[in-house]
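Source file my_file.cif; content: mmCIF, C-alpha atoms and all ligand atoms.
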data_target
loop_
_atom_site.group_PDB
_atom_site.id
_atom_site.type_symbol
_atom_site.label_atom_id
_atom_site.label_comp_id
_atom_site.auth_asym_id
_atom_site.auth_seq_id
_atom_site.Cartn_x
_atom_site.Cartn_y
_atom_site.Cartn_z
ATOM 1 C CA MET A 1 184.428 261.697 216.913
ATOM 2 C CA ARG A 2 180.823 262.770 216.633
ATOM 3 C CA PHE A 3 177.753 260.527 216.611
ATOM 4 C CA ASP A 4 174.366 261.815 215.445
ATOM 5 C CA ILE A 5 171.600 259.431 216.467
ATOM 6 C CA PHE A 6 168.120 259.733 214.914
ATOM 7 C CA THR A 7 165.338 258.180 216.984
ATOM 8 C CA THR A 8 161.709 258.566 218.031
ATOM 9 C CA LEU A 9 162.715 257.567 221.591
ATOM 10 C CA PRO A 10 165.526 259.953 222.616
ATOM 11 C CA ALA A 11 165.003 259.286 226.332
ATOM 12 C CA MET A 12 166.268 255.724 225.856
ATOM 13 C CA PHE A 13 169.804 257.065 225.397
ATOM 14 C CA GLN A 14 169.978 259.029 228.638
ATOM 15 C CA GLY A 15 171.224 256.256 230.903
ATOM 16 C CA PRO A 16 173.508 254.121 228.775
ATOM 17 C CA LEU A 17 175.415 256.976 227.148
ATOM 18 C CA SER A 18 175.863 259.001 230.330
ATOM 19 C CA GLU A 19 177.702 256.426 232.420
ATOM 20 C CA SER A 20 181.218 255.099 232.843
ATOM 21 C CA ILE A 21 183.697 255.165 229.925
ATOM 22 C CA ILE A 22 181.386 256.965 227.480
ATOM 23 C CA LYS A 23 180.531 259.616 230.050
ATOM 24 C CA ARG A 24 184.207 260.278 230.743
ATOM 25 C CA ALA A 25 185.077 260.360 227.031
ATOM 26 C CA VAL A 26 182.323 262.927 226.400
ATOM 27 C CA ALA A 27 183.439 265.003 229.400
ATOM 28 C CA ARG A 28 187.033 264.966 228.083
ATOM 29 C CA GLY A 29 185.891 266.114 224.639
ATOM 30 C CA LEU A 30 186.967 262.882 222.922
ATOM 31 C CA LEU A 31 183.397 262.107 221.879
ATOM 32 C CA GLN A 32 180.351 264.125 220.995
ATOM 33 C CA ILE A 33 176.997 262.334 221.002
ATOM 34 C CA GLU A 34 173.936 264.171 219.707
ATOM 35 C CA VAL A 35 170.531 262.485 219.941
ATOM 36 C CA HIS A 36 167.895 263.896 217.573
ATOM 37 C CA ASP A 37 164.168 263.312 217.955
ATOM 38 C CA ILE A 38 162.799 262.469 214.498
ATOM 39 C CA ARG A 39 159.409 263.827 215.614
ATOM 40 C CA ALA A 40 160.864 267.339 215.552
ATOM 41 C CA TRP A 41 160.825 267.076 211.739
ATOM 42 C CA THR A 42 157.178 266.004 211.423
ATOM 43 C CA THR A 43 154.763 268.555 209.980
ATOM 44 C CA ASP A 44 151.338 267.371 211.183
ATOM 45 C CA LYS A 45 149.775 268.185 214.532
ATOM 46 C CA HIS A 46 149.973 264.549 215.713
ATOM 47 C CA ARG A 47 153.720 264.424 214.936
ATOM 48 C CA THR A 48 153.212 261.216 212.956
ATOM 49 C CA THR A 49 156.285 259.136 212.168
ATOM 50 C CA ASP A 50 154.631 255.911 210.983
ATOM 51 C CA ALA A 51 151.850 254.679 208.698
ATOM 52 C CA PRO A 52 150.383 251.332 207.587
ATOM 53 C CA PRO A 53 152.346 249.455 204.923
ATOM 54 C CA PHE A 54 151.334 249.806 201.285
ATOM 55 C CA GLY A 55 150.114 246.452 200.051
ATOM 56 C CA GLY A 56 148.661 245.585 203.448
ATOM 57 C CA GLY A 57 150.068 243.526 206.244
ATOM 58 C CA ALA A 58 150.589 243.761 209.971
ATOM 59 C CA GLY A 59 152.036 246.683 211.874
ATOM 60 C CA MET A 60 153.254 250.116 210.925
ATOM 61 C CA VAL A 61 156.200 251.356 208.883
ATOM 62 C CA MET A 62 158.275 254.436 209.656
ATOM 63 C CA LYS A 63 157.572 257.200 207.170
ATOM 64 C CA PRO A 64 160.431 258.507 205.035
ATOM 65 C CA GLU A 65 159.799 262.296 205.181
ATOM 66 C CA PRO A 66 160.747 263.107 208.790
ATOM 67 C CA ILE A 67 163.794 260.821 208.603
ATOM 68 C CA PHE A 68 165.099 262.385 205.368
ATOM 69 C CA MET A 69 164.449 265.894 206.684
ATOM 70 C CA ALA A 70 166.096 265.202 210.045
ATOM 71 C CA VAL A 71 169.244 263.650 208.596
ATOM 72 C CA GLU A 72 169.587 266.261 205.826
ATOM 73 C CA ALA A 73 169.111 269.145 208.275
ATOM 74 C CA VAL A 74 171.566 267.859 210.887
ATOM 75 C CA LEU A 75 174.249 266.755 208.412
ATOM 76 C CA GLY A 76 173.734 269.775 206.163
ATOM 77 C CA LEU A 77 172.976 267.624 203.105
ATOM 78 C CA GLU A 78 171.367 268.752 199.864
ATOM 79 C CA PRO A 79 168.496 266.409 198.940
ATOM 80 C CA GLY A 80 169.764 263.789 196.490
ATOM 81 C CA VAL A 81 173.452 264.543 197.105
ATOM 82 C CA PRO A 82 175.365 261.593 198.640
ATOM 83 C CA SER A 83 176.446 262.091 202.238
ATOM 84 C CA PRO A 84 180.179 262.263 202.945
ATOM 85 C CA THR A 85 179.334 261.127 206.489
ATOM 86 C CA PRO A 86 178.339 257.464 206.818
ATOM 87 C CA VAL A 87 174.587 257.299 207.441
ATOM 88 C CA ILE A 88 173.922 253.941 209.073
ATOM 89 C CA LEU A 89 170.484 252.426 209.192
ATOM 90 C CA LEU A 90 170.202 249.859 211.989
ATOM 91 C CA GLY A 91 168.357 246.808 210.703
ATOM 92 C CA PRO A 92 168.368 243.017 211.044
ATOM 93 C CA GLY A 93 168.979 242.693 207.290
ATOM 94 C CA GLY A 94 172.203 244.716 207.344
ATOM 95 C CA GLU A 95 175.880 243.806 207.341
ATOM 96 C CA ARG A 96 176.770 241.906 210.495
ATOM 97 C CA PHE A 97 178.418 244.165 213.093
ATOM 98 C CA THR A 98 181.847 242.838 214.017
ATOM 99 C CA GLN A 99 184.974 244.162 215.695
ATOM 100 C CA ALA A 100 186.547 244.568 212.238
ATOM 101 C CA LEU A 101 183.611 246.715 211.095
ATOM 102 C CA ALA A 102 183.809 248.733 214.327
ATOM 103 C CA GLU A 103 187.503 249.369 213.618
ATOM 104 C CA ARG A 104 186.660 250.656 210.136
ATOM 105 C CA LEU A 105 183.921 252.934 211.496
ATOM 106 C CA ALA A 106 186.290 254.264 214.167
ATOM 107 C CA LEU A 107 188.388 255.858 211.394
ATOM 108 C CA GLN A 108 185.511 258.225 210.559
ATOM 109 C CA PRO A 109 185.260 261.662 212.171
ATOM 110 C CA ARG A 110 181.473 261.464 212.261
ATOM 111 C CA LEU A 111 178.750 258.809 212.030
ATOM 112 C CA ALA A 112 174.972 259.132 211.735
ATOM 113 C CA LEU A 113 172.748 256.310 213.027
ATOM 114 C CA ILE A 114 169.053 255.861 212.198
ATOM 115 C CA CYS A 115 166.927 253.788 214.576
ATOM 116 C CA GLY A 116 163.929 251.990 213.113
ATOM 117 C CA HIS A 117 160.783 250.779 214.868
ATOM 118 C CA TYR A 118 157.565 248.822 214.317
ATOM 119 C CA GLU A 119 157.793 246.741 211.121
ATOM 120 C CA GLY A 120 160.821 248.762 210.064
ATOM 121 C CA VAL A 121 161.583 251.817 207.941
ATOM 122 C CA ASP A 122 160.263 252.775 204.485
ATOM 123 C CA ASP A 123 162.845 251.206 202.177
ATOM 124 C CA ARG A 124 163.560 254.502 200.403
ATOM 125 C CA VAL A 125 165.550 255.456 203.504
ATOM 126 C CA ARG A 126 167.791 252.421 203.035
ATOM 127 C CA GLN A 127 168.094 252.947 199.276
ATOM 128 C CA HIS A 128 168.501 256.700 198.994
ATOM 129 C CA LEU A 129 169.590 258.137 202.369
ATOM 130 C CA ALA A 130 171.535 255.482 204.253
ATOM 131 C CA THR A 131 175.045 254.678 203.085
ATOM 132 C CA ASP A 132 175.179 251.461 205.149
ATOM 133 C CA GLU A 133 172.853 249.104 206.970
ATOM 134 C CA ILE A 134 174.140 247.308 210.050
ATOM 135 C CA SER A 135 172.710 244.377 211.987
ATOM 136 C CA ILE A 136 174.025 243.599 215.448
ATOM 137 C CA GLY A 137 173.093 239.920 215.106
ATOM 138 C CA ASP A 138 170.682 237.373 213.717
ATOM 139 C CA TYR A 139 167.737 238.219 215.932
ATOM 140 C CA VAL A 140 165.025 240.884 215.845
ATOM 141 C CA LEU A 141 164.791 243.638 218.440
ATOM 142 C CA SER A 142 161.804 245.926 218.747
ATOM 143 C CA GLY A 143 163.782 249.036 217.840
ATOM 144 C CA GLY A 144 167.124 250.324 216.595
ATOM 145 C CA GLU A 145 167.983 252.156 219.821
ATOM 146 C CA LEU A 146 169.765 249.271 221.560
ATOM 147 C CA PRO A 147 171.673 248.384 218.349
ATOM 148 C CA ALA A 148 172.708 252.056 218.008
ATOM 149 C CA MET A 149 174.010 252.011 221.575
ATOM 150 C CA VAL A 150 175.944 248.819 220.827
ATOM 151 C CA VAL A 151 177.573 250.484 217.806
ATOM 152 C CA VAL A 152 178.361 253.720 219.685
ATOM 153 C CA ASP A 153 179.853 251.891 222.663
ATOM 154 C CA THR A 154 181.968 249.521 220.550
ATOM 155 C CA VAL A 155 183.278 252.237 218.221
ATOM 156 C CA ALA A 156 183.788 254.799 220.981
ATOM 157 C CA ARG A 157 186.129 252.582 223.001
ATOM 158 C CA LEU A 158 188.363 252.297 219.903
ATOM 159 C CA MET A 159 188.909 256.065 219.778
ATOM 160 C CA PRO A 160 192.407 257.159 220.849
ATOM 161 C CA GLY A 161 192.473 258.029 224.547
ATOM 162 C CA VAL A 162 189.087 256.544 225.472
ATOM 163 C CA ILE A 163 190.632 253.428 227.051
ATOM 164 C CA LYS A 164 194.210 252.171 227.367
ATOM 165 C CA THR A 165 195.534 250.675 224.113
ATOM 166 C CA GLN A 166 196.882 247.599 225.949
ATOM 167 C CA SER A 167 193.365 246.807 227.238
ATOM 168 C CA ARG A 168 192.152 246.600 223.657
ATOM 169 C CA GLU A 169 195.007 244.651 222.125
ATOM 170 C CA ASP A 170 194.422 241.474 224.150
ATOM 171 C CA GLU A 171 190.656 241.583 223.958
ATOM 172 C CA SER A 172 188.410 238.957 222.448
ATOM 173 C CA HIS A 173 187.897 239.597 218.717
ATOM 174 C CA THR A 174 190.840 242.022 218.422
ATOM 175 C CA SER A 175 193.744 239.573 218.218
ATOM 176 C CA GLY A 176 191.593 236.973 216.429
ATOM 177 C CA LEU A 177 191.393 234.845 219.578
ATOM 178 C CA LEU A 178 189.054 235.044 222.549
ATOM 179 C CA GLU A 179 190.699 236.611 225.560
ATOM 180 C CA TYR A 180 192.410 234.459 228.212
ATOM 181 C CA PRO A 181 190.659 234.141 231.601
ATOM 182 C CA GLN A 182 191.161 237.076 233.968
ATOM 183 C CA TYR A 183 191.422 236.935 237.781
ATOM 184 C CA THR A 184 191.776 239.516 240.536
ATOM 185 C CA ARG A 185 191.979 239.644 244.348
ATOM 186 C CA PRO A 186 191.518 237.652 246.515
ATOM 187 C CA ALA A 187 193.991 234.966 245.441
ATOM 188 C CA VAL A 188 191.741 232.355 247.074
ATOM 189 C CA PHE A 189 187.956 232.794 247.201
ATOM 190 C CA ARG A 190 185.796 230.133 248.905
ATOM 191 C CA GLY A 191 188.576 227.629 248.424
ATOM 192 C CA MET A 192 188.951 228.498 244.723
ATOM 193 C CA PRO A 193 192.529 229.589 244.040
ATOM 194 C CA VAL A 194 193.609 231.606 241.018
ATOM 195 C CA PRO A 195 196.137 229.833 238.730
ATOM 196 C CA GLU A 196 199.496 229.907 240.507
ATOM 197 C CA ILE A 197 201.393 231.143 237.478
ATOM 198 C CA LEU A 198 199.613 234.511 237.760
ATOM 199 C CA LEU A 199 201.167 235.068 241.195
ATOM 200 C CA SER A 200 204.683 234.065 240.078
ATOM 201 C CA GLY A 201 205.839 237.487 238.884
ATOM 202 C CA ASP A 202 207.347 235.753 235.827
ATOM 203 C CA HIS A 203 205.937 237.933 233.025
ATOM 204 C CA ALA A 204 207.179 235.750 230.169
ATOM 205 C CA ALA A 205 205.601 232.658 231.743
ATOM 206 C CA VAL A 206 202.351 234.573 232.349
ATOM 207 C CA ASP A 207 202.273 235.705 228.702
ATOM 208 C CA GLU A 208 202.843 232.133 227.529
ATOM 209 C CA TRP A 209 200.089 230.802 229.838
ATOM 210 C CA ARG A 210 197.663 233.460 228.630
ATOM 211 C CA GLN A 211 198.333 232.639 224.996
ATOM 212 C CA GLU A 212 197.753 228.924 225.664
ATOM 213 C CA GLN A 213 194.547 229.704 227.530
ATOM 214 C CA ALA A 214 193.312 232.008 224.757
ATOM 215 C CA ILE A 215 193.883 229.246 222.201
ATOM 216 C CA ARG A 216 192.210 226.636 224.397
ATOM 217 C CA ARG A 217 189.170 228.825 225.063
ATOM 218 C CA THR A 218 188.795 229.745 221.394
ATOM 219 C CA ALA A 219 189.096 226.081 220.371
ATOM 220 C CA THR A 220 186.338 225.153 222.803
ATOM 221 C CA THR A 221 183.726 227.802 222.048
ATOM 222 C CA ARG A 222 184.690 229.276 218.662
ATOM 223 C CA PRO A 223 186.638 226.659 216.671
ATOM 224 C CA GLU A 224 186.028 228.527 213.384
ATOM 225 C CA MET A 225 187.810 231.577 214.856
ATOM 226 C CA LEU A 226 190.787 229.454 215.819
ATOM 227 C CA ALA A 227 191.011 227.997 212.310
ATOM 228 C CA ALA A 228 191.008 231.509 210.819
ATOM 229 C CA TRP A 229 193.635 232.662 213.339
ATOM 230 C CA ARG A 230 195.898 229.695 212.552
ATOM 231 C CA ALA A 231 195.544 230.342 208.817
ATOM 232 C CA ARG A 232 196.577 233.967 209.355
ATOM 233 C CA GLN A 233 199.550 232.940 211.510
ATOM 234 C CA GLU A 234 200.750 230.571 208.785
ATOM 235 C CA ALA A 235 200.342 233.250 206.085
ATOM 236 C CA GLU A 236 202.422 235.812 208.057
HETATM 237 C C1 LIG B 1 160.943 244.874 214.789
HETATM 238 S S1 LIG B 1 162.303 245.483 213.919
HETATM 239 C C2 LIG B 1 161.753 245.329 212.255
HETATM 240 C C3 LIG B 1 162.095 244.006 211.672
HETATM 241 C C4 LIG B 1 161.657 243.858 210.217
HETATM 242 N N1 LIG B 1 160.233 243.712 210.136
HETATM 243 C C5 LIG B 1 162.323 242.647 209.600
HETATM 244 O O1 LIG B 1 161.758 241.573 209.636
HETATM 245 O O2 LIG B 1 163.465 242.776 209.115
HETATM 246 C C6 LIG B 1 162.250 247.206 214.208
HETATM 247 C C7 LIG B 1 163.577 247.925 214.143
HETATM 248 O O3 LIG B 1 164.465 247.411 215.119
HETATM 249 C C8 LIG B 1 165.797 247.531 214.668
HETATM 250 N N2 LIG B 1 166.419 246.206 214.722
HETATM 251 C C9 LIG B 1 165.806 245.036 215.031
HETATM 252 N N3 LIG B 1 166.659 244.017 215.041
HETATM 253 C C10 LIG B 1 167.862 244.520 214.725
HETATM 254 C C11 LIG B 1 169.163 243.960 214.569
HETATM 255 N N4 LIG B 1 169.387 242.663 214.734
HETATM 256 N N5 LIG B 1 170.177 244.793 214.266
HETATM 257 C C12 LIG B 1 169.976 246.105 214.091
HETATM 258 N N6 LIG B 1 168.767 246.702 214.214
HETATM 259 C C13 LIG B 1 167.724 245.930 214.523
HETATM 260 C C14 LIG B 1 165.751 248.113 213.265
HETATM 261 O O4 LIG B 1 166.012 249.510 213.335
HETATM 262 C C15 LIG B 1 164.325 247.835 212.828
HETATM 263 O O5 LIG B 1 163.854 248.752 211.887
#

What is this structure when it is put down as structure tokens?
Ligand SMILES: C[S@@+](CC[C@H](N)C(=O)[O-])C[C@H]1O[C@@H](n2cnc3c(N)ncnc32)[C@H](O)[C@@H]1O
Amino acid sequence: MRFDIFTTLPAMFQGPLSESIIKRAVARGLLQIEVHDIRAWTTDKHRTTDAPPFGGGAGMVMKPEPIFMAVEAVLGLEPGVPSPTPVILLGPGGERFTQALAERLALQPRLALICGHYEGVDDRVRQHLATDEISIGDYVLSGGELPAMVVVDTVARLMPGVIKTQSREDESHTSGLLEYPQYTRPAVFRGMPVPEILLSGDHAAVDEWRQEQAIRRTATTRPEMLAAWRARQEAE
């Protein structure tokens, strides 16, 4: 899968996307991540990417021209022709990013992500260039770079071969329940023992305990998730 990220702050991506699982997936050719500096498509000597809002008001708005030109050039789009590749604008007013949405995006061979800044992006980008707008939650960040990294990381780990399938199946938000508590060595730390059942070697009993724990944890912190999970179980 290929990600094309459009940003005015390309250096922000250097650390997070060149470590750990993502780094290994890129090295193994499972992922390709290209970060494009929107400023490369500006035409003035100051490489301007923002301007004051029409109608007045605080702050600056990202100009449409360099964003349109960058995305069209990299994706090979004709101006005005809809993109076959999803072009995702990161924005707090977009569709809420969830595991289910990540799973849908993971079916695509390529995704483009546009990072906004300042007061946001000229709305013609959302209306006429982006195919989707995604919010990572009901709060406002200063830029779309961290949200883009959240989307890349979440979608990338769903790609075949990036992590073990079993690791994903039990995870919070995949099965519809939060994950059961996990423990590792030592079996006793500062007088705190791990639950005995996990040391029993009885796999069926461990599975049953984990399911109970997942239900209990979900009931405590996310009761609405448990209700939806129960409704699905009854429907199946
Ligand atoms: C300060 S925000 C602009 C907020 C905008 N004035 C508003 O009220 O909707 C600047 C940029 O950060 C990104 N951003 C901020 N919060 C976000 C969120 N929750 N999800 C995705 N992107 C977000 C977007 O790219 C946005 O254009």

For ligand LIG 1 (chain B), list the contacting residues at 9 Å or closer, counting only C-alpha atoms and all ligand atoms, as a compact mmCIF listing (two decimals) with C-alpha atoms, in the frame of the given file.
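The result, stored in part.txt:
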# COMPACT_ATOMS: atom_id res chain seq x y z
CA GLY A 59 152.04 246.68 211.87
CA VAL A 61 156.20 251.36 208.88
CA MET A 62 158.28 254.44 209.66
CA LEU A 89 170.48 252.43 209.19
CA LEU A 90 170.20 249.86 211.99
CA GLY A 91 168.36 246.81 210.70
CA PRO A 92 168.37 243.02 211.04
CA GLY A 93 168.98 242.69 207.29
CA GLY A 94 172.20 244.72 207.34
CA ARG A 96 176.77 241.91 210.50
CA PHE A 97 178.42 244.16 213.09
CA ILE A 114 169.05 255.86 212.20
CA CYS A 115 166.93 253.79 214.58
CA GLY A 116 163.93 251.99 213.11
CA HIS A 117 160.78 250.78 214.87
CA TYR A 118 157.56 248.82 214.32
CA GLU A 119 157.79 246.74 211.12
CA GLY A 120 160.82 248.76 210.06
CA VAL A 121 161.58 251.82 207.94
CA GLU A 133 172.85 249.10 206.97
CA ILE A 134 174.14 247.31 210.05
CA SER A 135 172.71 244.38 211.99
CA ILE A 136 174.02 243.60 215.45
CA GLY A 137 173.09 239.92 215.11
CA ASP A 138 170.68 237.37 213.72
CA TYR A 139 167.74 238.22 215.93
CA VAL A 140 165.02 240.88 215.84
CA LEU A 141 164.79 243.64 218.44
CA SER A 142 161.80 245.93 218.75
CA GLY A 143 163.78 249.04 217.84
CA GLY A 144 167.12 250.32 216.60
CA GLU A 145 167.98 252.16 219.82
CA LEU A 146 169.76 249.27 221.56
CA PRO A 147 171.67 248.38 218.35
CA ALA A 148 172.71 252.06 218.01

Per residue of range 121-185 of chain A within 7 Å of range 207-222 of chain A, which atom pair is closest and at what distance in Å (one decimal), using only C-alpha atoms, listed by chain and increasing number, as JSON lines?
{"residue": "A:Leu177", "atom": "CA", "partner": "A:Thr218", "partner_atom": "CA", "distance": 6.0}
{"residue": "A:Leu178", "atom": "CA", "partner": "A:Thr218", "partner_atom": "CA", "distance": 5.4}
{"residue": "A:Glu179", "atom": "CA", "partner": "A:Ala214", "partner_atom": "CA", "distance": 5.4}
{"residue": "A:Tyr180", "atom": "CA", "partner": "A:Ala214", "partner_atom": "CA", "distance": 4.3}

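For the choices A:Pro84, A:Gly76, A:Ser20, A:Ile5, the atom-to-atom distance to Ile163 in chain A is smallest for A:Ser20 when using all atoms listed in the file.
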
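Here, the PyMOL selection byres (((chain A and resi 129) around 8) and not hetatm) matches Phe68, Pro82, Ser83, Val87, Arg124, Val125, Arg126, Gln127, His128, Ala130 and Thr131 of chain A.
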
| request: Work out how far apart CA of Thr8 in chain A and CA of Leu158 in chain A are and give it in Å to one decimal. | output: 27.4 Å

| field | Ground truth for the PyMOL selection byres (((chain A and resi 13) around 12) and not hetatm), written as a VMD selection string | value | chain A and resid 4 to 12 14 to 19 22 to 23 33 to 37 115 144 to 150 152 to 153

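With only C-alpha atoms as the atoms that count, the minimum distance from Glu224 in chain A to the choices A:Gly176, A:His46, A:Leu101, A:Asp132 is reached by A:Gly176.
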
| said: as a list in words, please: the residues near Leu111 in chain A (cut-off 9 Å, all atoms listed in the file, same-chain neighbours under 4 positions excluded). | reply: Met1, Arg2, Phe3, Asp4, Ile5, Thr85, Pro86, Val87, Ile88 and Leu105 of chain A

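Across A:Ala204, A:Pro109, A:Ala231, A:Glu236, the tightest approach to Ala156 in chain A is made by A:Pro109 when counting all atoms listed in the file.
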
| said: Just the number, please: distance in Å from CA of Thr174 in chain A to CA of Arg157 in chain A, one decimal. | reply: 12.4 Å

| task | Tell me which residues the PyMOL selection byres (((chain A and resi 106) around 7) and not hetatm) grabs here, as a ChimeraX atom specification. | result | /A:102-105,107-108,155,158-159

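One finds CA of Asp170 in chain A at 20.7 Å from CA of Glu196 in chain A.
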
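Across A:Gln99, A:Gly191, A:Asp44, A:Gly201, the tightest approach to Glu169 in chain A is made by A:Gln99 when counting only C-alpha atoms.
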
| task | Would you mind listing what lies within 12 Å of Arg47 in chain A as a list in words, with only C-alpha atoms counted and same-chain residues fewer than 4 positions away left out? | result | Thr8, Asp37, Ile38, Arg39, Ala40, Trp41, Thr42, Thr43, Ala51, Lys63, Glu65 and Pro66 of chain A

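Using all atoms listed in the file, the contacts of Pro195 in chain A at a cut-off of 12 Å, with sequence neighbours closer than 2 positions omitted, comprise Pro181, Gln182, Tyr183, Thr184, Pro186, Ala187, Val188, Met192, Pro193, Ile197, Leu198, Leu199, Ser200, Val206, Trp209, Arg210 and Gln213 of chain A.
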
C-alpha atoms of the current selection, written as a compact mmCIF listing (two decimals), keeping the file's coordinate frame:
# COMPACT_ATOMS: atom_id res chain seq x y z
CA PRO A 181 190.66 234.14 231.60
CA GLN A 182 191.16 237.08 233.97
CA TYR A 183 191.42 236.94 237.78
CA THR A 184 191.78 239.52 240.54
CA PRO A 186 191.52 237.65 246.52
CA ALA A 187 193.99 234.97 245.44
CA VAL A 188 191.74 232.36 247.07
CA MET A 192 188.95 228.50 244.72
CA PRO A 193 192.53 229.59 244.04
CA ILE A 197 201.39 231.14 237.48
CA LEU A 198 199.61 234.51 237.76
CA LEU A 199 201.17 235.07 241.20
CA SER A 200 204.68 234.06 240.08
CA VAL A 206 202.35 234.57 232.35
CA TRP A 209 200.09 230.80 229.84
CA ARG A 210 197.66 233.46 228.63
CA GLN A 213 194.55 229.70 227.53
